[in-house]
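Source file: target-v8.txt. Holds: compact mmCIF, C-alpha atoms.
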```txt
# COMPACT_ATOMS: atom_id res chain seq x y z
CA MET A 1 262.66 129.27 154.46
CA PRO A 2 264.08 131.99 156.75
CA LEU A 3 262.43 135.40 156.94
CA PRO A 4 264.23 138.43 155.47
CA ALA A 5 266.56 140.16 157.94
CA PRO A 6 264.21 143.01 158.97
CA PHE A 7 261.52 140.48 160.00
CA ARG A 8 263.68 138.03 161.96
CA VAL A 9 263.44 137.94 165.71
CA LEU A 10 266.21 140.13 167.02
CA SER A 11 268.26 138.31 169.59
CA PRO A 12 271.81 138.86 170.73
CA PRO A 13 274.38 136.57 169.07
CA SER A 14 275.90 133.73 171.03
CA ALA A 15 279.47 134.00 172.23
CA ALA A 16 280.44 130.94 170.16
CA ALA A 17 279.64 132.72 166.91
CA GLY A 18 283.13 134.28 166.60
CA PRO A 19 283.74 137.27 164.24
CA ALA A 20 280.40 136.74 162.51
CA GLY A 21 278.70 137.02 165.90
CA ALA A 22 280.49 140.29 166.60
CA ARG A 23 279.30 141.62 163.24
CA ARG A 24 275.72 140.53 164.04
CA ALA A 25 276.01 142.24 167.42
CA LEU A 26 276.85 145.49 165.66
CA ILE A 27 273.85 145.06 163.36
CA TYR A 28 271.62 143.95 166.25
CA GLY A 29 272.46 147.09 168.21
CA ARG A 30 271.52 149.33 165.29
CA ARG A 31 268.58 147.41 163.80
CA ALA A 32 266.21 147.32 166.77
CA PRO A 33 265.48 151.09 166.93
CA LEU A 34 265.30 151.30 163.15
CA ALA A 35 262.96 148.31 162.91
CA GLY A 36 260.72 149.82 165.61
CA ALA A 37 260.60 153.17 163.84
CA LEU A 38 259.79 151.56 160.50
CA LEU A 39 257.07 149.45 162.08
CA PHE A 40 255.54 152.54 163.77
CA CYS A 41 255.61 154.48 160.47
CA SER A 42 254.13 151.53 158.56
CA ILE A 43 251.25 151.15 161.00
CA GLY A 44 250.68 154.92 160.98
CA ALA A 45 250.66 155.01 157.17
CA ALA A 46 248.23 152.09 156.98
CA VAL A 47 245.86 153.77 159.47
CA ALA A 48 246.16 157.11 157.65
CA CYS A 49 245.44 155.65 154.21
CA ARG A 50 242.35 153.87 155.51
CA THR A 51 241.09 157.24 156.78
CA GLY A 52 241.85 159.23 153.61
CA CYS A 53 245.62 159.80 154.02
CA SER A 54 245.12 162.79 156.29
CA PHE A 55 246.95 162.92 159.59
CA SER A 56 245.58 166.37 160.38
CA HIS A 57 242.07 165.00 160.87
CA ARG A 58 243.10 161.76 162.56
CA ARG A 59 242.46 161.57 166.29
CA LEU A 60 245.40 159.93 168.02
CA PRO A 61 245.30 159.28 171.77
CA PHE A 62 248.75 160.73 172.46
CA LEU A 63 247.74 164.05 170.85
CA GLY A 64 244.67 164.60 173.01
CA SER A 65 241.10 164.88 171.83
CA ARG A 66 241.72 167.64 169.29
CA GLY A 67 244.31 165.96 167.01
CA LEU A 68 247.56 167.32 165.61
CA SER A 69 246.61 170.45 163.68
CA SER A 70 244.33 172.11 166.21
CA ALA A 71 246.66 171.25 169.08
CA ARG A 72 249.43 173.18 167.37
CA MET A 73 247.38 176.25 166.39
CA GLU A 74 245.35 176.52 169.60
CA SER A 75 248.44 176.36 171.81
CA ALA A 76 249.57 179.61 170.18
CA SER A 77 247.01 182.05 171.56
CA THR A 78 248.83 185.01 169.99
CA THR A 79 248.17 183.76 166.44
CA VAL A 80 245.14 183.67 164.16
CA PRO A 81 244.11 181.04 161.61
CA SER A 82 246.46 181.65 158.70
CA ILE A 83 246.60 180.51 155.08
CA VAL A 84 248.95 180.27 152.11
CA VAL A 85 247.44 181.53 148.87
CA TYR A 86 248.74 180.68 145.40
CA VAL A 87 248.30 183.15 142.53
CA THR A 88 249.94 182.84 139.11
CA VAL A 89 250.95 185.89 137.07
CA PRO A 90 252.16 186.22 133.47
CA ASN A 91 255.54 187.84 134.24
CA ARG A 92 257.84 189.39 136.85
CA GLU A 93 256.54 192.94 136.39
CA ALA A 94 252.92 191.89 136.95
CA GLY A 95 253.97 189.83 139.97
CA LYS A 96 255.87 192.69 141.60
CA LYS A 97 253.05 195.16 140.97
CA LEU A 98 250.37 192.84 142.39
CA SER A 99 252.57 191.81 145.35
CA GLN A 100 253.29 195.40 146.32
CA SER A 101 249.61 196.36 146.19
CA ILE A 102 248.67 193.34 148.33
CA ILE A 103 251.30 194.23 150.96
CA SER A 104 250.44 197.96 150.85
CA GLU A 105 246.78 197.16 151.59
CA LYS A 106 247.93 194.88 154.47
CA LEU A 107 246.09 191.98 152.87
CA ALA A 108 249.14 189.77 153.44
CA ALA A 109 252.31 189.71 155.52
CA CYS A 110 254.55 188.33 152.77
CA VAL A 111 254.47 187.48 149.08
CA ASN A 112 257.15 185.26 147.53
CA ILE A 113 257.60 185.56 143.77
CA VAL A 114 258.73 182.24 142.30
CA PRO A 115 260.02 182.61 138.71
CA GLY A 116 260.20 180.07 135.95
CA ILE A 117 257.09 177.92 136.28
CA GLU A 118 255.36 176.37 133.30
CA SER A 119 251.57 176.06 133.49
CA VAL A 120 249.68 173.59 131.33
CA TYR A 121 245.91 174.07 131.44
CA TRP A 122 242.61 173.73 129.61
CA TRP A 123 241.29 177.05 128.26
CA GLU A 124 238.82 177.94 125.51
CA GLY A 125 238.44 174.36 124.32
CA LYS A 126 242.09 173.37 124.05
CA VAL A 127 245.27 172.65 125.99
CA GLN A 128 247.36 175.75 126.60
CA SER A 129 250.90 176.11 127.94
CA ASP A 130 252.48 179.31 129.26
CA ALA A 131 255.51 180.47 131.21
CA GLU A 132 254.34 182.14 134.41
CA GLU A 133 255.48 183.18 137.85
CA LEU A 134 253.91 182.01 141.09
CA LEU A 135 253.00 184.24 144.02
CA ILE A 136 253.01 182.49 147.38
CA ILE A 137 251.04 184.71 149.74
CA LYS A 138 250.93 184.31 153.54
CA THR A 139 247.95 185.92 155.28
CA ARG A 140 245.09 185.55 157.75
CA GLY A 141 242.30 183.17 156.80
CA SER A 142 239.78 185.95 157.48
CA LEU A 143 241.30 188.07 154.69
CA LEU A 144 240.80 185.52 151.89
CA ASP A 145 237.66 187.16 150.46
CA ALA A 146 239.21 190.63 150.46
CA LEU A 147 242.45 189.27 148.97
CA THR A 148 240.53 187.40 146.26
CA GLU A 149 238.60 190.55 145.30
CA HIS A 150 241.84 192.57 145.23
CA VAL A 151 243.50 190.02 142.94
CA LYS A 152 240.49 189.90 140.61
CA ALA A 153 240.40 193.72 140.38
CA ASN A 154 244.17 194.10 139.76
CA HIS A 155 245.08 191.03 137.70
CA GLU A 156 245.64 190.82 133.94
CA TYR A 157 243.83 187.48 133.56
CA ASP A 158 240.06 187.12 133.04
CA VAL A 159 240.02 184.28 135.59
CA PRO A 160 243.03 184.61 137.92
CA GLU A 161 244.10 181.66 140.03
CA VAL A 162 243.46 182.22 143.74
CA ILE A 163 243.84 179.01 145.75
CA ALA A 164 244.11 178.94 149.55
CA VAL A 165 245.64 176.25 151.75
CA PRO A 166 245.33 176.37 155.57
CA ILE A 167 248.45 176.60 157.73
CA THR A 168 248.00 173.97 160.42
CA GLY A 169 251.15 174.69 162.40
CA GLY A 170 254.61 176.15 162.25
CA ASN A 171 256.95 178.62 163.90
CA ASN A 172 254.77 180.52 166.38
CA LYS A 173 256.88 183.67 166.03
CA TYR A 174 256.29 183.62 162.26
CA LEU A 175 252.56 183.01 162.72
CA GLU A 176 252.42 185.92 165.19
CA TRP A 177 254.22 188.06 162.60
CA ILE A 178 251.55 187.20 160.01
CA LYS A 179 248.87 188.34 162.47
CA ASN A 180 250.69 191.55 163.38
CA SER A 181 251.56 192.45 159.77
CA THR A 182 248.04 192.20 158.35
CA LYS A 183 244.87 194.14 158.92
CA GLU A 184 242.02 192.78 160.97
CA ASN A 185 239.01 191.86 158.92
```
Output the file's structure in the form of structure tokens.
Amino acid sequence: MPLPAPFRVLSPPSAAAGPAGARRALIYGRRAPLAGALLFCSIGAAVACRTGCSFSHRRLPFLGSRGLSSARMESASTTVPSIVVYVTVPNREAGKKLSQSIISEKLAACVNIVPGIESVYWWEGKVQSDAEELLIIKTRGSLLDALTEHVKANHEYDVPEVIAVPITGGNNKYLEWIKNSTKEN
């Protein structure tokens, strides 16, 4: 039983193959790089999943001893460790008011207000569902505590969502802008 096409040994067609051989030559010329790329991605995915599906903590020889994320951030000496913070608000007015106070205090460089999200959550012993808006806040990692306290003091909810995710790389000019647009802690 022959192997499926992607797993067959790739060899150039013989000259005696006629039009079918010419067609295979076209496929042969395109399949080799694609097959190599797919194989590389498959091996990388298998290695990543065995280590917790996290490339940022995986040490790969071609990235040096520090791995992908730290290599990117440390090469940009004009940046600081930065984060993205998610905060939900009940409506547009609350989002604009909180966003403006965060920016005015230089606790963040930018706040995006994303309308039209639906949140489903457990609260006071039952499932709740509410229309909300999402604030996506870009700031320094060192300002997370101050930002969290600011949100708690100025938010309508008893327990406001404040969730931070590290930025492990990106446009260095943008990361510099985050540093230069926020206060030092």
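Within 9 Å of region 174-180 of chain A, once all atoms listed in the file are used and residues closer than 5 positions along the same chain are dropped, the contacting residues are A:Ala76, A:Thr78, A:Thr79, A:Val80, A:Pro81, A:Ser82, A:Ala108, A:Ala109, A:Cys110, A:Lys138, A:Thr139, A:Arg140, A:Gly169.
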Any chance you can output those residues with C-alpha atoms as a compact mmCIF listing (two decimals), in the frame of the given file?
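Result written to again.txt:
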```txt
# COMPACT_ATOMS: atom_id res chain seq x y z
CA ALA A 76 249.57 179.61 170.18
CA THR A 78 248.83 185.01 169.99
CA THR A 79 248.17 183.76 166.44
CA VAL A 80 245.14 183.67 164.16
CA PRO A 81 244.11 181.04 161.61
CA SER A 82 246.46 181.65 158.70
CA ALA A 108 249.14 189.77 153.44
CA ALA A 109 252.31 189.71 155.52
CA CYS A 110 254.55 188.33 152.77
CA LYS A 138 250.93 184.31 153.54
CA THR A 139 247.95 185.92 155.28
CA ARG A 140 245.09 185.55 157.75
CA GLY A 169 251.15 174.69 162.40
```
Taking all listed atoms of region 172-182 of chain A, build the axis-aligned box, pad each of the six sides by 6 Å, then write its centre and edge lengths in Å to one decimal as JSON.
```
{"center_x": 252.5, "center_y": 186.5, "center_z": 162.4, "size_x": 20.8, "size_y": 23.9, "size_z": 20.0}
```
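Distance annotation: of A:Asn154, A:Asn112, A:Asn185, A:Thr88, the residue with the minimal separation from Ala131 (chain A) is A:Thr88; atom set is all atoms listed in the file.
The space between CA of Val165 (chain A) and CA of Leu107 (chain A) spans 15.8 Å.
Nearest-residue note for Ser104 (chain A): choosing from A:Ser181, A:His155, A:Glu133, A:Glu124, the minimum distance belongs to A:Ser181, counting only C-alpha atoms.
For the pair CA of Trp122 (chain A) and CA of Lys152 (chain A), the separation is 19.7 Å.
Here CA of Lys97 (chain A) and CA of Ala153 (chain A) stand 12.7 Å from one another.
Proximity ranking of A:Ile137, A:Leu144, A:Tyr86, A:His150 relative to Ile163 (chain A) places A:Tyr86 first, based on all atoms listed in the file.
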| So, counting all atoms listed in the file, which residue among A:Val127, A:Ile83, A:Leu147, A:Ile117 is closest to Ile103 (chain A)? | A:Leu147
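Nearest residue to Ser129 (chain A), choosing from A:Pro90, A:Ser99, A:Ile167, A:Leu143 and counting all atoms listed in the file: A:Pro90.
With all atoms listed in the file as the atoms that count, the residue of A:Gly116, A:Val87, A:Val111, A:Leu98 with the shortest distance to Pro160 (chain A) is A:Val87.
Every polymer residue reaching to within 6 Å of (258.2, 182.3, 142.7), counting all atoms listed in the file, appears in this list: Asn112, Ile113, Val114, Pro115, Glu133, Leu134 and Leu135 of chain A.
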